[in-house]
$ cat work_9.json   # JSON, C-alpha atoms
[["chain", "number", "residue", "atom", "x", "y", "z"],
["F", 1, "MET", "CA", 0.32, 9.91, -18.62],
["F", 2, "LYS", "CA", -1.31, 8.67, -21.84],
["F", 3, "THR", "CA", -1.98, 12.29, -22.82],
["F", 4, "VAL", "CA", 1.71, 13.19, -22.37],
["F", 5, "ILE", "CA", 2.82, 10.20, -24.47],
["F", 6, "LYS", "CA", 0.27, 11.03, -27.18],
["F", 7, "ALA", "CA", 1.47, 14.66, -27.23],
["F", 8, "LEU", "CA", 5.11, 13.55, -27.43],
["F", 9, "VAL", "CA", 4.40, 11.10, -30.28],
["F", 10, "PHE", "CA", 2.37, 13.73, -32.15],
["F", 11, "THR", "CA", 5.13, 16.33, -31.71],
["F", 12, "LEU", "CA", 7.85, 13.93, -32.91],
["F", 13, "ALA", "CA", 5.75, 12.84, -35.90],
["F", 14, "PHE", "CA", 5.11, 16.49, -36.82],
["F", 15, "VAL", "CA", 8.80, 17.47, -36.54],
["F", 16, "PHE", "CA", 10.07, 14.54, -38.61],
["F", 17, "SER", "CA", 7.34, 14.73, -41.25],
["F", 18, "HIS", "CA", 7.82, 18.51, -41.63],
["F", 19, "SER", "CA", 11.60, 18.32, -42.02],
["F", 20, "GLY", "CA", 11.19, 15.46, -44.50],
["F", 21, "ASN", "CA", 9.23, 17.75, -46.82],
["F", 22, "ALA", "CA", 11.53, 20.79, -46.60],
["F", 23, "GLN", "CA", 12.19, 22.49, -49.92],
["F", 24, "LYS", "CA", 15.63, 22.38, -51.54],
["F", 25, "PHE", "CA", 16.41, 25.56, -53.46],
["F", 26, "ALA", "CA", 18.97, 25.69, -56.25],
["F", 27, "ASP", "CA", 22.13, 27.74, -55.98],
["F", 28, "LEU", "CA", 22.44, 30.99, -57.92],
["F", 29, "ASP", "CA", 22.60, 30.31, -61.66],
["F", 30, "PRO", "CA", 26.05, 31.10, -63.15],
["F", 31, "SER", "CA", 24.22, 33.02, -65.91],
["F", 32, "PRO", "CA", 21.48, 34.79, -63.94],
["F", 33, "MET", "CA", 18.31, 36.00, -65.58],
["F", 34, "ASP", "CA", 17.83, 39.76, -65.92],
["F", 35, "ALA", "CA", 15.45, 42.23, -67.54],
["F", 36, "ALA", "CA", 15.81, 45.51, -69.38],
["F", 37, "THR", "CA", 12.93, 47.83, -70.20],
["F", 38, "PHE", "CA", 12.14, 50.96, -72.13],
["F", 39, "PRO", "CA", 11.59, 53.42, -70.64],
["F", 40, "SER", "CA", 14.24, 52.28, -68.16],
["F", 41, "ASN", "CA", 13.04, 54.46, -65.28],
["F", 42, "TYR", "CA", 11.36, 52.25, -62.68],
["F", 43, "LYS", "CA", 8.94, 55.07, -61.84],
["F", 44, "ILE", "CA", 7.37, 54.79, -65.31],
["F", 45, "ALA", "CA", 4.93, 51.87, -65.34],
["F", 46, "ASP", "CA", 3.82, 52.30, -68.97],
["F", 47, "LYS", "CA", 6.61, 50.34, -70.68],
["F", 48, "ALA", "CA", 6.95, 50.03, -74.45],
["F", 49, "ILE", "CA", 9.54, 47.22, -74.51],
["F", 50, "LYS", "CA", 10.78, 44.57, -72.08],
["F", 51, "VAL", "CA", 13.60, 42.08, -72.65],
["F", 52, "ILE", "CA", 14.10, 39.00, -70.44],
["F", 53, "TYR", "CA", 17.52, 37.41, -70.89],
["F", 54, "SER", "CA", 20.22, 35.46, -69.09],
["F", 55, "ARG", "CA", 23.66, 37.01, -68.59],
["F", 56, "PRO", "CA", 26.54, 34.69, -69.49],
["F", 57, "GLN", "CA", 29.94, 35.76, -68.20],
["F", 58, "LEU", "CA", 33.29, 35.67, -69.95],
["F", 59, "LYS", "CA", 35.33, 34.12, -67.10],
["F", 60, "GLY", "CA", 38.50, 34.45, -69.20],
["F", 61, "ARG", "CA", 36.86, 33.17, -72.37],
["F", 62, "ASP", "CA", 36.48, 34.95, -75.72],
["F", 63, "VAL", "CA", 33.10, 36.29, -76.86],
["F", 64, "ALA", "CA", 33.68, 34.70, -80.29],
["F", 65, "LYS", "CA", 33.87, 31.24, -78.66],
["F", 66, "LEU", "CA", 30.66, 31.76, -76.69],
["F", 67, "ALA", "CA", 28.71, 33.47, -79.50],
["F", 68, "PRO", "CA", 30.42, 32.19, -82.67],
["F", 69, "ASN", "CA", 30.39, 34.28, -85.83],
["F", 70, "TYR", "CA", 27.85, 33.33, -88.51],
["F", 71, "GLU", "CA", 25.88, 31.04, -86.16],
["F", 72, "VAL", "CA", 22.43, 31.77, -84.76],
["F", 73, "TRP", "CA", 22.82, 32.67, -81.08],
["F", 74, "ARG", "CA", 20.17, 32.79, -78.36],
["F", 75, "THR", "CA", 21.36, 36.32, -77.40],
["F", 76, "GLY", "CA", 22.34, 35.36, -73.88],
["F", 77, "ALA", "CA", 22.45, 32.06, -72.03],
["F", 78, "ASN", "CA", 20.02, 29.30, -71.09],
["F", 79, "GLU", "CA", 16.56, 29.98, -72.53],
["F", 80, "ALA", "CA", 16.52, 32.11, -75.65],
["F", 81, "THR", "CA", 16.05, 35.81, -74.94],
["F", 82, "GLU", "CA", 12.46, 37.03, -75.18],
["F", 83, "ILE", "CA", 11.40, 40.56, -76.06],
["F", 84, "THR", "CA", 7.92, 41.92, -75.44],
["F", 85, "PHE", "CA", 6.45, 44.92, -77.22],
["F", 86, "TYR", "CA", 3.50, 46.58, -75.50],
["F", 87, "LYS", "CA", 2.88, 48.90, -78.45],
["F", 88, "PRO", "CA", 3.32, 48.51, -82.21],
["F", 89, "ILE", "CA", 6.93, 49.19, -83.27],
["F", 90, "MET", "CA", 8.91, 49.42, -86.49],
["F", 91, "PHE", "CA", 11.88, 47.11, -86.67],
["F", 92, "GLY", "CA", 14.02, 47.28, -89.78],
["F", 93, "GLY", "CA", 11.14, 48.62, -91.87],
["F", 94, "VAL", "CA", 8.70, 45.97, -90.62],
["F", 95, "LYS", "CA", 5.71, 46.92, -88.47],
["F", 96, "VAL", "CA", 5.69, 44.51, -85.52],
["F", 97, "LYS", "CA", 2.51, 43.94, -83.51],
["F", 98, "PRO", "CA", 2.48, 44.05, -79.71],
["F", 99, "GLY", "CA", 3.42, 40.66, -78.30],
["F", 100, "THR", "CA", 6.32, 38.49, -77.20],
["F", 101, "TYR", "CA", 9.02, 37.31, -79.59],
["F", 102, "THR", "CA", 12.32, 35.51, -79.30],
["F", 103, "LEU", "CA", 15.39, 37.65, -79.95],
["F", 104, "PHE", "CA", 18.08, 35.76, -81.85],
["F", 105, "THR", "CA", 21.30, 37.20, -83.23],
["F", 106, "ILE", "CA", 23.91, 36.12, -85.74],
["F", 107, "PRO", "CA", 27.23, 37.65, -84.62],
["F", 108, "ASN", "CA", 29.93, 38.76, -87.01],
["F", 109, "ASP", "CA", 33.06, 40.89, -86.54],
["F", 110, "LYS", "CA", 31.63, 43.91, -88.40],
["F", 111, "GLU", "CA", 27.85, 43.54, -88.02],
["F", 112, "TRP", "CA", 25.24, 41.47, -86.23],
["F", 113, "THR", "CA", 21.99, 40.25, -87.69],
["F", 114, "VAL", "CA", 19.25, 40.79, -85.11],
["F", 115, "ILE", "CA", 16.18, 38.58, -85.53],
["F", 116, "LEU", "CA", 12.68, 38.70, -84.07],
["F", 117, "SER", "CA", 11.14, 35.22, -84.19],
["F", 118, "SER", "CA", 7.58, 34.13, -83.50],
["F", 119, "ASP", "CA", 8.93, 31.08, -81.65],
["F", 120, "ILE", "CA", 8.71, 31.49, -77.88],
["F", 121, "ASN", "CA", 9.53, 29.31, -74.87],
["F", 122, "VAL", "CA", 12.61, 27.83, -76.53],
["F", 123, "TRP", "CA", 15.87, 26.72, -74.99],
["F", 124, "GLY", "CA", 18.95, 28.07, -76.74],
["F", 125, "ALA", "CA", 18.89, 28.36, -80.52],
["F", 126, "TYR", "CA", 18.78, 24.62, -81.18],
["F", 127, "THR", "CA", 15.29, 24.69, -82.70],
["F", 128, "TYR", "CA", 15.62, 28.03, -84.53],
["F", 129, "LYS", "CA", 13.66, 28.11, -87.80],
["F", 130, "GLN", "CA", 14.20, 30.98, -90.24],
["F", 131, "ASP", "CA", 10.63, 30.44, -91.51],
["F", 132, "ASN", "CA", 9.40, 31.84, -88.17],
["F", 133, "ASP", "CA", 11.30, 35.14, -88.49],
["F", 134, "VAL", "CA", 9.04, 38.16, -88.08],
["F", 135, "ALA", "CA", 11.75, 40.68, -88.94],
["F", 136, "ARG", "CA", 15.52, 40.97, -89.08],
["F", 137, "ILE", "CA", 18.03, 43.78, -89.44],
["F", 138, "LYS", "CA", 21.79, 44.12, -89.68],
["F", 139, "VAL", "CA", 23.47, 46.51, -87.27],
["F", 140, "PRO", "CA", 27.12, 47.53, -87.00],
["F", 141, "VAL", "CA", 29.45, 46.35, -84.25],
["F", 142, "THR", "CA", 31.55, 48.91, -82.40],
["F", 143, "GLN", "CA", 34.30, 48.49, -79.83],
["F", 144, "SER", "CA", 34.56, 50.07, -76.39],
["F", 145, "LYS", "CA", 37.54, 50.59, -74.12],
["F", 146, "ASP", "CA", 35.42, 49.31, -71.23],
["F", 147, "ILE", "CA", 35.09, 45.56, -70.74],
["F", 148, "LEU", "CA", 31.76, 44.02, -69.73],
["F", 149, "GLU", "CA", 32.31, 40.69, -67.98],
["F", 150, "ALA", "CA", 28.62, 39.77, -68.20],
["F", 151, "PHE", "CA", 26.52, 40.06, -71.36],
["F", 152, "SER", "CA", 24.31, 43.12, -70.87],
["F", 153, "ILE", "CA", 21.31, 44.83, -72.47],
["F", 154, "THR", "CA", 20.11, 48.38, -71.85],
["F", 155, "PHE", "CA", 17.89, 50.95, -73.58],
["F", 156, "GLU", "CA", 18.24, 54.65, -74.36],
["F", 157, "GLU", "CA", 15.70, 57.03, -75.81],
["F", 158, "SER", "CA", 16.31, 58.08, -79.42],
["F", 159, "LYS", "CA", 14.71, 60.62, -81.76],
["F", 160, "SER", "CA", 12.60, 57.90, -83.36],
["F", 161, "GLY", "CA", 11.90, 55.80, -80.26],
["F", 162, "ALA", "CA", 14.43, 53.66, -78.47],
["F", 163, "ASP", "CA", 17.85, 52.14, -79.06],
["F", 164, "MET", "CA", 18.64, 48.82, -77.43],
["F", 165, "TYR", "CA", 22.32, 48.36, -76.66],
["F", 166, "MET", "CA", 23.88, 44.93, -76.27],
["F", 167, "GLY", "CA", 27.39, 44.67, -74.90],
["F", 168, "TRP", "CA", 29.84, 41.94, -73.95],
["F", 169, "GLY", "CA", 33.58, 42.15, -73.57],
["F", 170, "THR", "CA", 34.48, 45.19, -75.65],
["F", 171, "LEU", "CA", 31.74, 44.59, -78.27],
["F", 172, "ARG", "CA", 28.79, 46.96, -78.51],
["F", 173, "VAL", "CA", 25.75, 46.67, -80.76],
["F", 174, "LYS", "CA", 23.00, 49.30, -81.13],
["F", 175, "VAL", "CA", 19.56, 48.07, -82.24],
["F", 176, "PRO", "CA", 17.05, 50.81, -83.19],
["F", 177, "PHE", "CA", 13.30, 50.56, -82.57],
["F", 178, "THR", "CA", 10.85, 53.12, -83.93],
["F", 179, "LEU", "CA", 7.88, 53.71, -81.65]]
$ encode --input "work_9.json" --output "structure tokens"
Amino acid sequence: MKTVIKALVFTLAFVFSHSGNAQKFADLDPSPMDAATFPSNYKIADKAIKVIYSRPQLKGRDVAKLAPNYEVWRTGANEATEITFYKPIMFGGVKVKPGTYTLFTIPNDKEWTVILSSDINVWGAYTYKQDNDVARIKVPVTQSKDILEAFSITFEESKSGADMYMGWGTLRVKVPFTL
């Protein structure tokens, strides 16, 4: 009888102590993290560029309110977007070494300034310092008939390397990289 009671007590203690330590997982982030690579084909393991970013959504709001003109923007949501180069690249006439950089932008109606910063592991653009810019270029803004609800980044091969496209709402921005 003592053995049965001991087994029952042990079982109850195990059940209650195990459920007391159960993990609580967060709900899906409203601006989920995503990645874009070049080359984009998943069958190609030898990547040249990878971008990790969060995808804010319009939800009836205007892009200009979420990424205001003439203000440094984190190029997404949550943590600032990070871009990793696995090979040396040319960006706006500047040779950039392989490594990870933060990708900031300064939106404008006609052109965006795209910035590679040596700062990494930063939240938003609150601590942005121009002194830490590695390179920056200005690229034109175009409009599309298609509307992208979520901010998106993709790559396409170009004659000189790769073009990174950023889109949100009807805005489109092409950022060239020479490989």
$ closest_residue --input "work_9.json" --among "F:Ile49, F:Ala77, F:Val96, F:Ile137" --to "Trp123 of chain F" --atoms "only C-alpha atoms"
F:Ala77
$ closest_residue --input "work_9.json" --among "F:Ser54, F:Gly124, F:Asp62, F:Ser152" --to "Pro30 of chain F" --atoms "only C-alpha atoms"
F:Ser54
$ atom_distance --input "work_9.json" --atom1 "atom CA of Thr84 of chain F" --atom2 "atom CA of Ala162 of chain F"
13.8 Å
$ closest_residue --input "work_9.json" --among "F:Arg74, F:Lys47, F:Arg55, F:Arg61" --to "Leu103 of chain F" --atoms "all atoms listed in the file"
F:Arg74
$ residues_around --input "work_9.json" --residues "Lys97 of chain F" --least-positions-apart "3" --cutoff "9 Å" --atoms "all atoms listed in the file" --output "ChimeraX atom specification"
/F:85-90
$ closest_residue --input "work_9.json" --among "F:Thr154, F:Gln23, F:Gln143, F:Ser160" --to "Ala35 of chain F" --atoms "all atoms listed in the file"
F:Thr154
$ closest_residue --input "work_9.json" --among "F:Val72, F:Ile83, F:Ala48, F:Ala36" --to "Tyr165 of chain F" --atoms "all atoms listed in the file"
F:Ala36
$ atom_distance --input "work_9.json" --atom1 "atom CA of Asp109 of chain F" --atom2 "atom CA of Asn69 of chain F"
7.2 Å
$ residues_around --input "work_9.json" --residues "Gly92 of chain F" --least-positions-apart "3" --cutoff "10 Å" --atoms "all atoms listed in the file" --output "PyMOL selection string"
chain F and resi 89+95-96+114-115+135-139+175-178
$ closest_residue --input "work_9.json" --among "F:Pro56, F:Gly161, F:Gly169, F:Pro68" --to "Trp112 of chain F" --atoms "only C-alpha atoms"
F:Pro68
$ atom_distance --input "work_9.json" --atom1 "atom CA of Ser117 of chain F" --atom2 "atom CA of Thr105 of chain F"
10.4 Å
$ build_atoms --input "work_9.json" --residues "segment 40-51 of chain F" --atoms "all heavy atoms" --output "mmCIF file, in the frame of the given file"
data_model
loop_
_atom_site.group_PDB
_atom_site.id
_atom_site.type_symbol
_atom_site.label_atom_id
_atom_site.label_comp_id
_atom_site.auth_asym_id
_atom_site.auth_seq_id
_atom_site.Cartn_x
_atom_site.Cartn_y
_atom_site.Cartn_z
ATOM 1 N N SER F 40 13.474 52.983 -69.191
ATOM 2 C CA SER F 40 14.240 52.280 -68.160
ATOM 3 C C SER F 40 13.875 52.723 -66.744
ATOM 4 O O SER F 40 14.088 51.972 -65.802
ATOM 5 C CB SER F 40 15.732 52.486 -68.389
ATOM 6 O OG SER F 40 16.093 51.980 -69.642
ATOM 7 N N ASN F 41 13.357 53.917 -66.597
ATOM 8 C CA ASN F 41 13.040 54.460 -65.280
ATOM 9 C C ASN F 41 11.978 53.614 -64.593
ATOM 10 O O ASN F 41 10.883 53.417 -65.121
ATOM 11 C CB ASN F 41 12.559 55.910 -65.430
ATOM 12 C CG ASN F 41 12.365 56.605 -64.106
ATOM 13 O OD1 ASN F 41 12.025 55.995 -63.100
ATOM 14 N ND2 ASN F 41 12.577 57.909 -64.119
ATOM 15 N N TYR F 42 12.282 53.118 -63.408
ATOM 16 C CA TYR F 42 11.360 52.250 -62.680
ATOM 17 C C TYR F 42 10.092 52.979 -62.261
ATOM 18 O O TYR F 42 9.075 52.356 -61.968
ATOM 19 C CB TYR F 42 12.046 51.626 -61.458
ATOM 20 C CG TYR F 42 12.326 52.600 -60.342
ATOM 21 C CD1 TYR F 42 11.408 52.804 -59.328
ATOM 22 C CD2 TYR F 42 13.518 53.326 -60.301
ATOM 23 C CE1 TYR F 42 11.658 53.703 -58.306
ATOM 24 C CE2 TYR F 42 13.781 54.214 -59.292
ATOM 25 C CZ TYR F 42 12.847 54.406 -58.291
ATOM 26 O OH TYR F 42 13.098 55.293 -57.281
ATOM 27 N N LYS F 43 10.120 54.302 -62.242
ATOM 28 C CA LYS F 43 8.940 55.070 -61.840
ATOM 29 C C LYS F 43 7.902 55.155 -62.957
ATOM 30 O O LYS F 43 6.782 55.566 -62.727
ATOM 31 C CB LYS F 43 9.359 56.488 -61.416
ATOM 32 C CG LYS F 43 10.200 56.496 -60.154
ATOM 33 C CD LYS F 43 10.607 57.901 -59.781
ATOM 34 C CE LYS F 43 11.490 57.884 -58.535
ATOM 35 N NZ LYS F 43 11.922 59.222 -58.183
ATOM 36 N N ILE F 44 8.292 54.769 -64.167
ATOM 37 C CA ILE F 44 7.370 54.790 -65.310
ATOM 38 C C ILE F 44 6.831 53.379 -65.510
ATOM 39 O O ILE F 44 7.567 52.472 -65.900
ATOM 40 C CB ILE F 44 8.071 55.301 -66.585
ATOM 41 C CG1 ILE F 44 8.589 56.725 -66.366
ATOM 42 C CG2 ILE F 44 7.115 55.239 -67.775
ATOM 43 C CD1 ILE F 44 9.463 57.244 -67.492
ATOM 44 N N ALA F 45 5.548 53.200 -65.241
ATOM 45 C CA ALA F 45 4.930 51.870 -65.340
ATOM 46 C C ALA F 45 4.539 51.526 -66.771
ATOM 47 O O ALA F 45 4.467 50.354 -67.129
ATOM 48 C CB ALA F 45 3.712 51.790 -64.434
ATOM 49 N N ASP F 46 4.280 52.525 -67.598
ATOM 50 C CA ASP F 46 3.820 52.300 -68.970
ATOM 51 C C ASP F 46 5.011 51.998 -69.875
ATOM 52 O O ASP F 46 5.527 52.872 -70.567
ATOM 53 C CB ASP F 46 3.051 53.533 -69.463
ATOM 54 C CG ASP F 46 2.395 53.295 -70.811
ATOM 55 O OD1 ASP F 46 2.113 52.126 -71.146
ATOM 56 O OD2 ASP F 46 2.176 54.281 -71.541
ATOM 57 N N LYS F 47 5.445 50.752 -69.886
ATOM 58 C CA LYS F 47 6.610 50.340 -70.680
ATOM 59 C C LYS F 47 6.216 50.110 -72.137
ATOM 60 O O LYS F 47 5.089 49.734 -72.439
ATOM 61 C CB LYS F 47 7.223 49.058 -70.116
ATOM 62 C CG LYS F 47 7.645 49.144 -68.658
ATOM 63 C CD LYS F 47 8.745 50.140 -68.452
ATOM 64 C CE LYS F 47 9.218 50.120 -67.004
ATOM 65 N NZ LYS F 47 10.090 51.223 -66.694
ATOM 66 N N ALA F 48 7.147 50.319 -73.033
ATOM 67 C CA ALA F 48 6.950 50.030 -74.450
ATOM 68 C C ALA F 48 7.607 48.701 -74.825
ATOM 69 O O ALA F 48 7.095 47.964 -75.664
ATOM 70 C CB ALA F 48 7.510 51.153 -75.313
ATOM 71 N N ILE F 49 8.762 48.415 -74.176
ATOM 72 C CA ILE F 49 9.540 47.220 -74.510
ATOM 73 C C ILE F 49 10.110 46.608 -73.234
ATOM 74 O O ILE F 49 10.556 47.336 -72.340
ATOM 75 C CB ILE F 49 10.724 47.564 -75.451
ATOM 76 C CG1 ILE F 49 10.255 48.306 -76.690
ATOM 77 C CG2 ILE F 49 11.491 46.296 -75.838
ATOM 78 C CD1 ILE F 49 11.395 48.876 -77.533
ATOM 79 N N LYS F 50 10.121 45.282 -73.180
ATOM 80 C CA LYS F 50 10.780 44.570 -72.080
ATOM 81 C C LYS F 50 11.535 43.384 -72.656
ATOM 82 O O LYS F 50 10.998 42.639 -73.476
ATOM 83 C CB LYS F 50 9.771 44.088 -71.044
ATOM 84 C CG LYS F 50 10.410 43.275 -69.910
ATOM 85 C CD LYS F 50 9.447 42.908 -68.807
ATOM 86 C CE LYS F 50 8.420 41.935 -69.270
ATOM 87 N NZ LYS F 50 7.522 41.458 -68.210
ATOM 88 N N VAL F 51 12.773 43.213 -72.221
ATOM 89 C CA VAL F 51 13.600 42.080 -72.650
ATOM 90 C C VAL F 51 13.941 41.254 -71.412
ATOM 91 O O VAL F 51 14.408 41.795 -70.410
ATOM 92 C CB VAL F 51 14.908 42.561 -73.319
ATOM 93 C CG1 VAL F 51 15.788 41.384 -73.674
ATOM 94 C CG2 VAL F 51 14.609 43.387 -74.545
#
